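Shown next: start09.txt, containing compact mmCIF, C-alpha atoms and all ligand atoms.
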# COMPACT_ATOMS: atom_id res chain seq x y z
CA MET A 13 51.33 -5.52 -10.42
CA LYS A 14 47.79 -6.75 -10.28
CA THR A 15 45.75 -5.81 -7.27
CA ASN A 16 42.17 -6.23 -6.17
CA ILE A 17 40.13 -5.11 -3.22
CA LEU A 18 40.45 -8.47 -1.46
CA ASN A 19 44.24 -8.67 -1.85
CA ARG A 20 43.77 -12.27 -2.95
CA LEU A 21 45.07 -12.85 -6.44
CA VAL A 22 43.64 -16.02 -7.94
CA GLU A 23 44.60 -17.51 -11.29
CA PRO A 24 42.33 -19.77 -13.38
CA GLU A 25 44.59 -22.77 -12.82
CA THR A 26 44.36 -22.44 -9.03
CA LEU A 27 40.54 -22.19 -8.86
CA GLN A 28 40.25 -25.97 -8.45
CA HIS A 29 42.31 -25.83 -5.27
CA SER A 30 41.05 -22.59 -3.73
CA GLY A 31 37.42 -22.56 -4.86
CA ASP A 32 37.80 -18.78 -4.66
CA PHE A 33 35.69 -17.69 -7.62
CA LEU A 34 35.19 -14.21 -6.19
CA GLY A 35 38.96 -13.80 -5.86
CA LEU A 36 39.41 -14.95 -9.47
CA THR A 37 36.67 -12.56 -10.62
CA LEU A 38 38.26 -9.58 -8.87
CA THR A 39 41.72 -10.53 -10.16
CA TYR A 40 40.31 -10.33 -13.70
CA PRO A 41 37.47 -7.82 -13.24
CA GLU A 42 36.80 -6.95 -16.88
CA GLN A 43 37.13 -10.24 -18.69
CA LEU A 44 38.18 -13.82 -18.23
CA ALA A 45 38.66 -16.43 -20.94
CA PRO A 46 36.19 -19.31 -20.56
CA PHE A 47 37.39 -22.61 -19.10
CA SER A 48 35.84 -25.67 -17.54
CA TYR A 49 36.59 -28.76 -15.50
CA ARG A 50 34.77 -31.52 -13.70
CA LEU A 51 34.52 -32.06 -9.95
CA SER A 52 34.96 -35.58 -8.58
CA ASN A 53 31.23 -35.61 -7.71
CA GLY A 54 30.48 -35.28 -11.42
CA THR A 55 29.48 -31.59 -11.41
CA VAL A 56 30.70 -29.74 -14.50
CA VAL A 57 32.20 -26.35 -13.59
CA GLU A 58 32.14 -23.79 -16.39
CA VAL A 59 33.55 -20.29 -16.08
CA TRP A 60 31.90 -18.33 -18.87
CA ASP A 61 33.38 -14.92 -18.12
CA THR A 62 34.52 -12.86 -15.17
CA GLY A 63 31.88 -13.23 -12.48
CA VAL A 64 29.92 -15.85 -14.44
CA LEU A 65 30.03 -19.42 -13.13
CA CYS A 66 27.76 -22.24 -14.32
CA LEU A 67 27.52 -25.49 -12.34
CA THR A 68 25.81 -28.52 -13.84
CA PRO A 69 25.39 -31.63 -11.69
CA ALA A 70 25.67 -35.03 -13.35
CA ASN A 71 21.90 -35.63 -13.04
CA PRO A 72 20.29 -32.25 -12.50
CA ALA A 73 16.93 -32.07 -10.73
CA GLY A 74 14.18 -29.81 -12.00
CA ILE A 75 15.09 -26.24 -11.06
CA ASP A 76 17.44 -23.86 -12.89
CA ILE A 77 18.66 -21.26 -10.39
CA VAL A 78 20.39 -17.93 -11.08
CA LEU A 79 21.94 -16.26 -8.03
CA SER A 80 23.28 -12.80 -8.72
CA SER A 81 25.04 -10.31 -6.49
CA GLY A 82 27.20 -7.25 -6.96
CA VAL A 83 25.04 -5.70 -9.67
CA HIS A 84 25.86 -2.73 -7.47
CA GLY A 85 29.56 -3.10 -6.72
CA ASN A 86 29.57 -1.84 -3.13
CA GLU A 87 26.76 -4.09 -1.90
CA THR A 88 29.17 -6.51 -0.35
CA ALA A 89 27.14 -8.74 1.99
CA PRO A 90 25.33 -10.62 -0.79
CA ILE A 91 28.62 -10.89 -2.70
CA GLU A 92 30.29 -12.50 0.32
CA LEU A 93 27.28 -14.75 0.89
CA CYS A 94 27.26 -16.00 -2.72
CA ALA A 95 31.06 -16.32 -2.83
CA ALA A 96 30.98 -18.57 0.23
CA ILE A 97 28.29 -20.81 -1.31
CA CYS A 98 30.32 -20.96 -4.54
CA GLN A 99 33.42 -21.94 -2.65
CA ASP A 100 31.65 -24.72 -0.73
CA LEU A 101 30.30 -26.08 -4.01
CA LEU A 102 33.67 -25.90 -5.79
CA LEU A 103 35.45 -27.56 -2.86
CA GLU A 104 32.68 -30.20 -2.74
CA LYS A 105 31.70 -29.42 0.84
CA ILE A 106 28.16 -29.31 -0.54
CA GLN A 107 26.77 -30.65 -3.80
CA SER A 108 24.11 -28.94 -5.86
CA THR A 109 21.12 -30.95 -7.01
CA HIS A 110 20.07 -28.31 -9.52
CA ARG A 111 21.68 -26.39 -12.37
CA LEU A 112 23.15 -23.16 -11.01
CA LEU A 113 24.39 -19.92 -12.51
CA PHE A 114 26.27 -17.56 -10.21
CA LEU A 115 26.66 -13.98 -11.41
CA PHE A 116 28.84 -11.32 -9.81
CA GLY A 117 27.48 -8.35 -11.65
CA ASN A 118 29.95 -5.48 -11.61
CA PRO A 119 33.49 -6.62 -10.68
CA PRO A 120 35.32 -3.37 -11.65
CA ALA A 121 32.94 -1.40 -9.42
CA MET A 122 33.54 -3.93 -6.62
CA ASN A 123 37.29 -3.33 -6.87
CA SER A 124 36.62 0.41 -6.70
CA ALA A 125 34.25 -0.04 -3.73
CA LYS A 126 31.64 1.84 -5.75
CA ARG A 127 28.02 1.24 -6.63
CA GLU A 128 28.86 1.72 -10.33
CA LEU A 129 31.62 3.08 -12.54
CA VAL A 130 29.45 5.18 -14.88
CA ASP A 131 25.88 3.88 -15.17
CA ASN A 132 23.54 2.16 -12.73
CA LEU A 133 23.73 -1.44 -14.00
CA ASN A 134 20.28 -2.22 -12.61
CA ARG A 135 18.66 0.34 -14.93
CA LEU A 136 20.09 -1.15 -18.13
CA PHE A 137 18.30 -4.47 -18.69
CA SER A 138 15.58 -5.46 -21.14
CA GLY A 139 17.44 -3.65 -23.90
CA HIS A 140 18.03 -0.37 -22.07
CA HIS A 141 21.79 -0.98 -22.47
CA SER A 142 21.40 -0.19 -26.18
CA LYS A 143 19.41 3.02 -25.78
CA GLY A 144 22.36 5.35 -25.12
CA ASP A 145 24.54 7.09 -27.65
CA GLY A 146 26.58 3.97 -28.38
CA GLU A 147 29.46 4.99 -26.12
CA PRO A 148 31.46 1.96 -24.92
CA ILE A 149 30.41 2.23 -21.28
CA TRP A 150 31.30 -0.80 -19.15
CA GLU A 151 27.89 -1.20 -17.47
CA ARG A 152 26.05 -1.12 -20.80
CA GLN A 153 28.30 -3.82 -22.23
CA ARG A 154 27.99 -5.86 -19.05
CA ALA A 155 24.17 -5.65 -18.97
CA ALA A 156 24.01 -6.91 -22.56
CA ALA A 157 26.44 -9.74 -21.76
CA LEU A 158 24.60 -10.75 -18.56
CA GLU A 159 21.32 -10.96 -20.47
CA GLN A 160 22.93 -13.33 -22.97
CA TYR A 161 24.44 -15.51 -20.23
CA VAL A 162 21.10 -15.84 -18.43
CA LEU A 163 19.26 -16.68 -21.66
CA ARG A 164 21.94 -19.23 -22.57
CA PHE A 165 21.68 -20.81 -19.12
CA TYR A 166 17.91 -21.21 -19.19
CA GLN A 167 17.82 -22.30 -22.84
CA ALA A 168 20.42 -25.00 -22.15
CA GLY A 169 18.18 -26.30 -19.34
CA GLY A 170 15.25 -26.44 -21.71
CA GLU A 171 11.56 -25.69 -21.43
CA GLY A 172 9.33 -27.05 -18.69
CA ARG A 173 11.79 -26.63 -15.86
CA GLU A 174 11.24 -24.25 -12.98
CA ARG A 175 13.32 -21.08 -13.37
CA LEU A 176 14.42 -18.93 -10.44
CA LEU A 177 16.40 -15.70 -10.42
CA TYR A 178 17.32 -14.04 -7.13
CA ASP A 179 19.20 -10.77 -7.55
CA LEU A 180 20.71 -9.96 -4.15
CA HIS A 181 21.29 -6.38 -3.01
CA THR A 182 21.72 -4.24 0.07
CA ALA A 183 20.23 -0.75 0.24
CA ILE A 184 21.99 2.63 0.58
CA ARG A 185 19.84 3.53 3.57
CA GLY A 186 18.30 1.70 6.50
CA SER A 187 14.76 0.43 6.27
CA GLN A 188 11.77 0.18 8.57
CA PHE A 189 11.69 -3.40 7.30
CA GLU A 190 15.28 -4.64 7.26
CA LYS A 191 14.73 -7.03 4.35
CA PHE A 192 12.36 -6.50 1.48
CA ALA A 193 11.84 -7.70 -2.05
CA VAL A 194 10.88 -5.94 -5.23
CA TYR A 195 8.54 -8.31 -7.07
CA PRO A 196 8.65 -7.30 -10.74
CA PHE A 197 5.51 -6.60 -12.77
CA LEU A 198 3.97 -9.86 -14.01
CA HIS A 199 1.58 -8.30 -16.53
CA GLY A 200 -1.49 -9.50 -14.66
CA LYS A 201 -0.26 -12.99 -13.76
CA PRO A 202 -0.83 -13.93 -10.10
CA TRP A 203 1.95 -13.59 -7.53
CA SER A 204 3.53 -16.93 -6.59
CA LYS A 205 2.45 -18.22 -3.20
CA SER A 206 5.30 -20.73 -2.95
CA GLN A 207 7.88 -18.03 -3.74
CA LEU A 208 6.39 -15.75 -1.09
CA GLN A 209 6.58 -18.62 1.41
CA PHE A 210 10.19 -19.38 0.48
CA LEU A 211 11.30 -15.77 0.71
CA HIS A 212 9.48 -15.34 4.01
CA ALA A 213 11.61 -18.20 5.33
CA CYS A 214 14.65 -16.24 4.03
CA GLY A 215 13.61 -13.40 6.35
CA VAL A 216 11.90 -11.31 3.66
CA GLU A 217 8.43 -10.33 4.88
CA THR A 218 7.93 -7.11 2.93
CA PHE A 219 7.22 -7.02 -0.80
CA LEU A 220 6.91 -4.11 -3.17
CA LEU A 221 4.62 -5.36 -5.95
CA MET A 222 5.48 -3.52 -9.16
CA GLN A 223 2.77 -2.62 -11.65
CA THR A 224 4.83 -1.38 -14.57
CA PRO A 225 7.73 -2.76 -16.68
CA ALA A 226 11.21 -1.83 -15.49
CA SER A 227 14.83 -1.84 -16.61
CA THR A 228 15.92 -4.01 -13.67
CA PHE A 229 17.60 -7.39 -13.83
CA SER A 230 14.72 -9.07 -11.99
CA TYR A 231 12.13 -7.72 -14.45
CA PHE A 232 14.29 -9.08 -17.29
CA GLY A 233 14.35 -12.48 -15.55
CA ALA A 234 10.59 -12.52 -15.08
CA GLN A 235 9.53 -11.08 -18.42
CA SER A 236 12.17 -12.35 -20.86
CA CYS A 237 13.03 -15.68 -19.21
CA GLY A 238 9.79 -16.72 -17.53
CA ALA A 239 11.59 -17.06 -14.20
CA HIS A 240 10.30 -16.39 -10.73
CA ALA A 241 12.57 -13.38 -10.27
CA PHE A 242 13.10 -10.95 -7.42
CA THR A 243 15.30 -8.06 -6.37
CA LEU A 244 16.09 -8.89 -2.75
CA GLU A 245 17.20 -6.04 -0.49
CA LEU A 246 18.80 -7.80 2.44
CA GLY A 247 20.09 -4.98 4.65
CA LYS A 248 22.40 -2.00 4.51
CA VAL A 249 25.52 -1.36 2.43
CA ARG A 250 28.86 -1.92 4.19
CA PRO A 251 32.45 -2.42 2.96
CA PHE A 252 33.93 -5.89 2.38
CA GLY A 253 34.70 -7.62 5.66
CA GLU A 254 32.47 -5.31 7.74
CA ASN A 255 29.20 -7.17 7.37
CA ASP A 256 27.53 -8.90 10.29
CA MET A 257 26.80 -12.10 8.40
CA SER A 258 24.55 -13.36 11.22
CA ARG A 259 21.95 -10.91 9.86
CA PHE A 260 21.94 -12.91 6.62
CA ALA A 261 21.91 -16.36 8.23
CA ALA A 262 18.30 -17.26 7.41
CA CYS A 263 18.75 -16.28 3.77
CA ASP A 264 22.05 -18.16 3.54
CA ALA A 265 20.55 -21.29 5.10
CA MET A 266 17.50 -21.27 2.83
CA LEU A 267 19.51 -20.71 -0.36
CA ARG A 268 21.80 -23.58 0.58
CA ALA A 269 18.79 -25.78 1.37
CA LEU A 270 17.29 -24.90 -2.01
CA ILE A 271 20.53 -25.73 -3.80
CA VAL A 272 20.97 -29.14 -2.17
CA ASP A 273 17.24 -29.91 -2.38
CA ALA A 274 16.71 -30.08 1.37
CA LEU A 275 14.12 -27.36 1.93
CA PRO A 276 12.16 -27.65 5.16
CA VAL A 277 8.38 -27.74 5.00
CA LEU A 278 7.41 -24.10 4.64
CA ALA A 279 4.74 -22.38 6.71
CA ASP A 280 1.37 -22.05 4.98
CA PHE A 281 0.82 -18.74 3.23
CA ASP A 282 -0.77 -16.26 5.63
CA GLU A 283 -1.07 -12.71 4.36
CA SER A 284 -1.11 -11.29 7.90
CA ARG A 285 2.57 -12.28 8.26
CA PHE A 286 3.59 -10.13 5.26
CA ASN A 287 3.67 -6.45 4.34
CA PHE A 288 2.65 -5.79 0.74
CA PHE A 289 3.01 -2.42 -0.93
CA VAL A 290 2.35 -0.99 -4.36
CA VAL A 291 3.76 2.19 -5.85
CA SER A 292 1.30 5.04 -5.50
CA ARG A 293 3.48 7.68 -7.17
CA ALA A 294 6.93 8.01 -8.74
CA VAL A 295 8.47 11.43 -8.12
CA ASN A 296 10.87 12.54 -10.85
CA LYS A 297 13.36 15.38 -10.51
CA HIS A 298 12.47 18.17 -12.94
CA SER A 299 14.69 21.05 -11.82
CA GLU A 300 17.96 21.76 -10.04
CA GLN A 301 15.84 23.26 -7.22
CA PHE A 302 14.56 19.79 -6.35
CA GLU A 303 14.83 19.11 -2.61
CA LEU A 304 13.69 16.39 -0.26
CA CYS A 305 12.06 17.73 2.91
CA PHE A 306 13.17 15.10 5.40
CA ALA A 307 16.41 14.02 7.06
CA ARG A 308 19.07 12.63 4.72
CA ASN A 309 19.34 9.42 6.71
CA ILE A 310 15.60 8.67 6.62
CA GLU A 311 14.79 4.96 6.40
CA ASN A 312 13.01 3.29 3.49
CA PHE A 313 9.27 2.74 4.19
CA SER A 314 9.12 5.70 6.60
CA GLN A 315 5.57 7.06 6.89
CA PHE A 316 4.42 10.63 7.58
CA PRO A 317 1.13 12.26 8.60
CA LEU A 318 -1.32 13.22 5.85
CA GLY A 319 -0.41 16.55 4.29
CA THR A 320 3.29 16.44 5.15
CA VAL A 321 5.44 18.07 2.46
CA LEU A 322 7.90 15.42 1.25
CA ALA A 323 9.65 17.24 -1.57
CA ARG A 324 9.74 20.52 -3.46
CA ASP A 325 10.68 20.98 -7.09
CA GLY A 326 10.57 24.67 -8.00
CA ASP A 327 6.89 25.59 -7.59
CA ILE A 328 5.72 21.99 -7.17
CA GLU A 329 5.13 20.50 -3.71
CA TYR A 330 4.73 16.79 -3.08
CA ARG A 331 2.62 16.00 -0.01
CA VAL A 332 1.37 12.81 1.61
CA ASP A 333 -2.15 12.50 0.25
CA GLU A 334 -3.14 8.96 1.25
CA PRO A 335 -3.06 7.35 4.70
CA GLY A 336 -0.15 4.93 5.09
CA GLU A 337 1.78 6.35 2.14
CA ALA A 338 5.50 5.72 2.69
CA ILE A 339 8.70 6.76 0.95
CA ILE A 340 11.25 4.45 -0.61
CA PHE A 341 14.58 4.92 -2.46
CA PRO A 342 14.74 8.73 -2.00
CA ASN A 343 17.74 10.29 -3.77
CA ALA A 344 17.84 14.00 -4.63
CA ASP A 345 21.19 13.61 -6.44
CA VAL A 346 19.81 11.89 -9.54
CA ALA A 347 20.06 13.48 -12.99
CA LEU A 348 17.23 15.71 -14.23
CA GLY A 349 14.30 13.63 -15.42
CA GLN A 350 15.29 10.62 -13.29
CA ARG A 351 13.32 9.12 -10.43
CA ALA A 352 14.12 10.83 -7.12
CA MET A 353 11.72 8.92 -4.88
CA LEU A 354 8.90 6.40 -4.90
CA LEU A 355 5.79 6.73 -2.77
CA VAL A 356 4.22 3.42 -1.84
CA LYS A 357 1.03 2.39 -0.06
CA PRO A 358 -0.08 -0.81 1.67
CA VAL A 359 -2.17 -3.24 -0.37
CA SER A 360 -3.81 -6.64 0.03
CA VAL A 361 -2.98 -9.55 -2.29
CA ALA A 362 -6.20 -11.45 -1.48
CA GLY A 363 -7.28 -13.31 -4.61
CA GLN A 364 -4.06 -12.41 -6.48
CA VAL A 365 -1.75 -15.20 -5.35
CA SER A 366 -1.65 -18.75 -6.63
CA ASP A 367 0.46 -21.87 -6.36
ZN ZN B 401 21.59 -2.57 -5.19
Now that the file is in, can you turn its structure into structure tokens?
Ligand SMILES: [Zn+2]
Amino acid sequence: MKTNILNRLVEPETLQHSGDFLGLTLTYPEQLAPFSYRLSNGTVVEVWDTGVLCLTPANPAGIDIVLSSGVHGNETAPIELCAAICQDLLLEKIQSTHRLLFLFGNPPAMNSAKRELVDNLNRLFSGHHSKGDGEPIWERQRAAALEQYVLRFYQAGGEGRERLLYDLHTAIRGSQFEKFAVYPFLHGKPWSKSQLQFLHACGVETFLLMQTPASTFSYFGAQSCGAHAFTLELGKVRPFGENDMSRFAACDAMLRALIVDALPVLADFDESRFNFFVVSRAVNKHSEQFELCFARNIENFSQFPLGTVLARDGDIEYRVDEPGEAIIFPNADVALGQRAMLLVKPVSVAGQVSD
């Protein structure tokens, strides 16, 4: 008998009545034959695959929006948030003004309540899915498929339209700043003031400004699709049903306002209301002796006094060597050669933002 983590089995023919696209996705976590239908408000509903839902209003306004969640299967709050928006759209409680693509990234991992089955899906984009030994690993196949769906979605919208891609996550550990965004490398282009204002209204005040290409979904969206794309870390990982959704209320309200074209007037951009960081160093694990020299439950963006030893790797010591340097994403359990921690430092964006 079929089972999924939600204990809600949804068949394609009942989606119209339930609007439960997440339930359908988790009932068929590996694949789902495409189908489509039309809502009475004229919106065309197209299921392209498991976890891939495209909504096209009868007369779409000018923004093409990709909302993704569950790229890491156990990051449930954004999955629940997106599933609820999907359901309200499918049941016509709200109506989208813009073209929308919802992606639930890793359904088999969601059913297993795991971050991933084999590979970290968010390290496999921009072609990295094809760099392995050709083994048929689910996450590699999924990354390649998701890239194609996103390209198809934006190409069908056409050139000259605004493109947005918000990839929603929660972090393994707590954070000194509960919500933060990773703003992918733009190859020298200015950071978008209007996006910073919008995300600030979502409750995201802290931005990590990347300065190198990456294998993340958001970098793929920015670099390969020309979208304003972000990895949004919205809080801490918890199991399905155990999230305090009030902590996501601002983000939920702003995404819904964006979708129905009812955004409030946003506060003027004021750098003093943000925290901007850049990566000062990436620490890779080189030996099995690698150890982190702080508590396991340390929060992201924790700072230490100058000279503090942060990690040891055989004979190598990593110390704080700039004021304000903070740690982010520490993980001593990565494979040899992989990134075990990033060190970041505060930075100003004066002169580097534009409309
Ligand atoms: Zn994640």
Enumerate, in order of chain and increasing residue number, the residues of chain A with an atom no farther than 8 Å from ligand ZN 401 (chain B), each with its shortest atom pair and distance in Å to one decimal, counting only C-alpha atoms and all ligand atoms, as a Markdown table.
| residue | atom | partner | partner_atom | distance |
| --- | --- | --- | --- | --- |
| A:Gly82 | CA | B:ZN401 | ZN | 7.5 |
| A:Val83 | CA | B:ZN401 | ZN | 6.5 |
| A:His84 | CA | B:ZN401 | ZN | 4.8 |
| A:Glu87 | CA | B:ZN401 | ZN | 6.3 |
| A:Arg127 | CA | B:ZN401 | ZN | 7.6 |
| A:Asn134 | CA | B:ZN401 | ZN | 7.5 |
| A:Leu180 | CA | B:ZN401 | ZN | 7.5 |
| A:His181 | CA | B:ZN401 | ZN | 4.4 |
| A:Thr182 | CA | B:ZN401 | ZN | 5.5 |
| A:Ala183 | CA | B:ZN401 | ZN | 5.9 |
| A:Ile184 | CA | B:ZN401 | ZN | 7.8 |
| A:Glu245 | CA | B:ZN401 | ZN | 7.3 |
For the residues in the current selection, export C-alpha atoms as a PDB file, keeping the file's coordinate frame.
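Produced file part.pdb, reproduced below:
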ATOM      1  CA  GLY A  82      27.200  -7.250  -6.960  1.00  0.00           C
ATOM      2  CA  VAL A  83      25.040  -5.700  -9.670  1.00  0.00           C
ATOM      3  CA  HIS A  84      25.860  -2.730  -7.470  1.00  0.00           C
ATOM      4  CA  GLU A  87      26.760  -4.090  -1.900  1.00  0.00           C
ATOM      5  CA  ARG A 127      28.020   1.240  -6.630  1.00  0.00           C
ATOM      6  CA  ASN A 134      20.280  -2.220 -12.610  1.00  0.00           C
ATOM      7  CA  LEU A 180      20.710  -9.960  -4.150  1.00  0.00           C
ATOM      8  CA  HIS A 181      21.290  -6.380  -3.010  1.00  0.00           C
ATOM      9  CA  THR A 182      21.720  -4.240   0.070  1.00  0.00           C
ATOM     10  CA  ALA A 183      20.230  -0.750   0.240  1.00  0.00           C
ATOM     11  CA  ILE A 184      21.990   2.630   0.580  1.00  0.00           C
ATOM     12  CA  GLU A 245      17.200  -6.040  -0.490  1.00  0.00           C
TER      13      GLU A 245
END
Residue contacts of Gly349 of chain A (12 Å, all atoms listed in the file) excluding same-chain residues fewer than 4 positions away, as an MDAnalysis selection string: chainID A and resid 294:300 302 325 344:345 353
Residue contacts of segment 164-173 of chain A (9 Å, all atoms listed in the file) excluding same-chain residues fewer than 4 positions away, as a ChimeraX atom specification: /A:66,74-78,111-113,159-160,237
Go ahead and dump the residues you just picked, C-alpha atoms, as a CSV table (one decimal), keeping the file's coordinate frame.
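Here's the written file selection_18.csv:
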chain,number,residue,atom,x,y,z
A,66,CYS,CA,27.8,-22.2,-14.3
A,74,GLY,CA,14.2,-29.8,-12.0
A,75,ILE,CA,15.1,-26.2,-11.1
A,76,ASP,CA,17.4,-23.9,-12.9
A,77,ILE,CA,18.7,-21.3,-10.4
A,78,VAL,CA,20.4,-17.9,-11.1
A,111,ARG,CA,21.7,-26.4,-12.4
A,112,LEU,CA,23.2,-23.2,-11.0
A,113,LEU,CA,24.4,-19.9,-12.5
A,159,GLU,CA,21.3,-11.0,-20.5
A,160,GLN,CA,22.9,-13.3,-23.0
A,237,CYS,CA,13.0,-15.7,-19.2
Shell of 7 Å around segment 306-314 of chain A, all atoms listed in the file, local chain residues under 5 positions omitted, as a PyMOL selection string: chain A and resi 185-188+322+338-341
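Comparing A:Leu244, A:Ala362, A:Ile17, A:Ala279 by their smallest distance to Phe260 of chain A, the closest is A:Leu244 (using only C-alpha atoms).
Here atom CA of Phe288 of chain A is placed at a distance of 25.7 Å from atom CA of Ala269 of chain A.
Minimum atom-to-atom distance to Phe281 of chain A, evaluated using all atoms listed in the file, belongs to A:Gln207 out of A:Asn255, A:Thr320, A:Thr88, A:Gln207.
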Gap from atom CA of His212 of chain A to atom CA of Phe316 of chain A - Å, one decimal: 26.7 Å
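You can rank A:Val272, A:Leu44, A:His110, A:Leu158 by their closest distance to Pro72 of chain A using only C-alpha atoms, and at the top of that list sits A:His110.
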Residue nearest Glu337 of chain A - candidates A:Leu304, A:Val291, A:Ala157, A:Leu133, atoms counted: only C-alpha atoms: A:Val291
Selection near Ala226 of chain A, 10 Å with only C-alpha atoms, sequence-local residues under 4 positions removed, as a list in words: Asn134, Arg135, Leu136, Phe137, Ser138, His140, Pro196, Phe197, Met222, Ser230, Tyr231, Phe232 and Gln235 of chain A
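The residues that lie within 10 Å of the point (13.5, -13.4, 4.3), counting only C-alpha atoms, are Glu190, Lys191, Phe192, Ala193, Leu208, Gln209, Phe210, Leu211, His212, Ala213, Cys214, Gly215, Val216, Glu217, Thr218, Leu244, Glu245, Leu246, Phe260, Ala261, Ala262, Cys263, Asp264 and Met266 of chain A.
The spacing separating atom CA of Leu163 of chain A from atom CA of Gly233 of chain A amounts to 8.9 Å.
Nearest residue to Ala70 of chain A among A:Gly54, A:Gly326, A:Gly139, A:Pro24 is A:Gly54, counting all atoms listed in the file.
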Among listed residues A:Arg154, A:Arg50, A:Lys248, A:Arg268, nearest Val64 of chain A (using all atoms listed in the file): A:Arg154
Exercise: Gln28 of chain A partners within 12 Å, all atoms listed in the file, chain neighbours under 3 positions left out, as a VMD selection string: chain A and resid 22 to 25 31 to 33 36 47 to 52 56 to 59 98 to 104
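Within 10 Å of the point (30.5, -2.3, -9.8) in file coordinates, and counting only C-alpha atoms, lie the residues A:Pro41, A:Gly82, A:Val83, A:His84, A:Gly85, A:Asn86, A:Glu87, A:Phe116, A:Gly117, A:Asn118, A:Pro119, A:Pro120, A:Ala121, A:Met122, A:Asn123, A:Ser124, A:Ala125, A:Lys126, A:Arg127, A:Glu128, A:Leu129, A:Val130, A:Asp131, A:Asn132, A:Leu133, A:Trp150, A:Glu151.
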Given the selection you just returned, output its residues as a file containing C-alpha atoms, formatted as a short mmCIF file (atom, residue, chain, number, x, y, z; two decimals), keeping the file's coordinate frame.
data_model
loop_
_atom_site.label_atom_id
_atom_site.label_comp_id
_atom_site.auth_asym_id
_atom_site.auth_seq_id
_atom_site.Cartn_x
_atom_site.Cartn_y
_atom_site.Cartn_z
CA PRO A 41 37.47 -7.82 -13.24
CA GLY A 82 27.20 -7.25 -6.96
CA VAL A 83 25.04 -5.70 -9.67
CA HIS A 84 25.86 -2.73 -7.47
CA GLY A 85 29.56 -3.10 -6.72
CA ASN A 86 29.57 -1.84 -3.13
CA GLU A 87 26.76 -4.09 -1.90
CA PHE A 116 28.84 -11.32 -9.81
CA GLY A 117 27.48 -8.35 -11.65
CA ASN A 118 29.95 -5.48 -11.61
CA PRO A 119 33.49 -6.62 -10.68
CA PRO A 120 35.32 -3.37 -11.65
CA ALA A 121 32.94 -1.40 -9.42
CA MET A 122 33.54 -3.93 -6.62
CA ASN A 123 37.29 -3.33 -6.87
CA SER A 124 36.62 0.41 -6.70
CA ALA A 125 34.25 -0.04 -3.73
CA LYS A 126 31.64 1.84 -5.75
CA ARG A 127 28.02 1.24 -6.63
CA GLU A 128 28.86 1.72 -10.33
CA LEU A 129 31.62 3.08 -12.54
CA VAL A 130 29.45 5.18 -14.88
CA ASP A 131 25.88 3.88 -15.17
CA ASN A 132 23.54 2.16 -12.73
CA LEU A 133 23.73 -1.44 -14.00
CA TRP A 150 31.30 -0.80 -19.15
CA GLU A 151 27.89 -1.20 -17.47
#
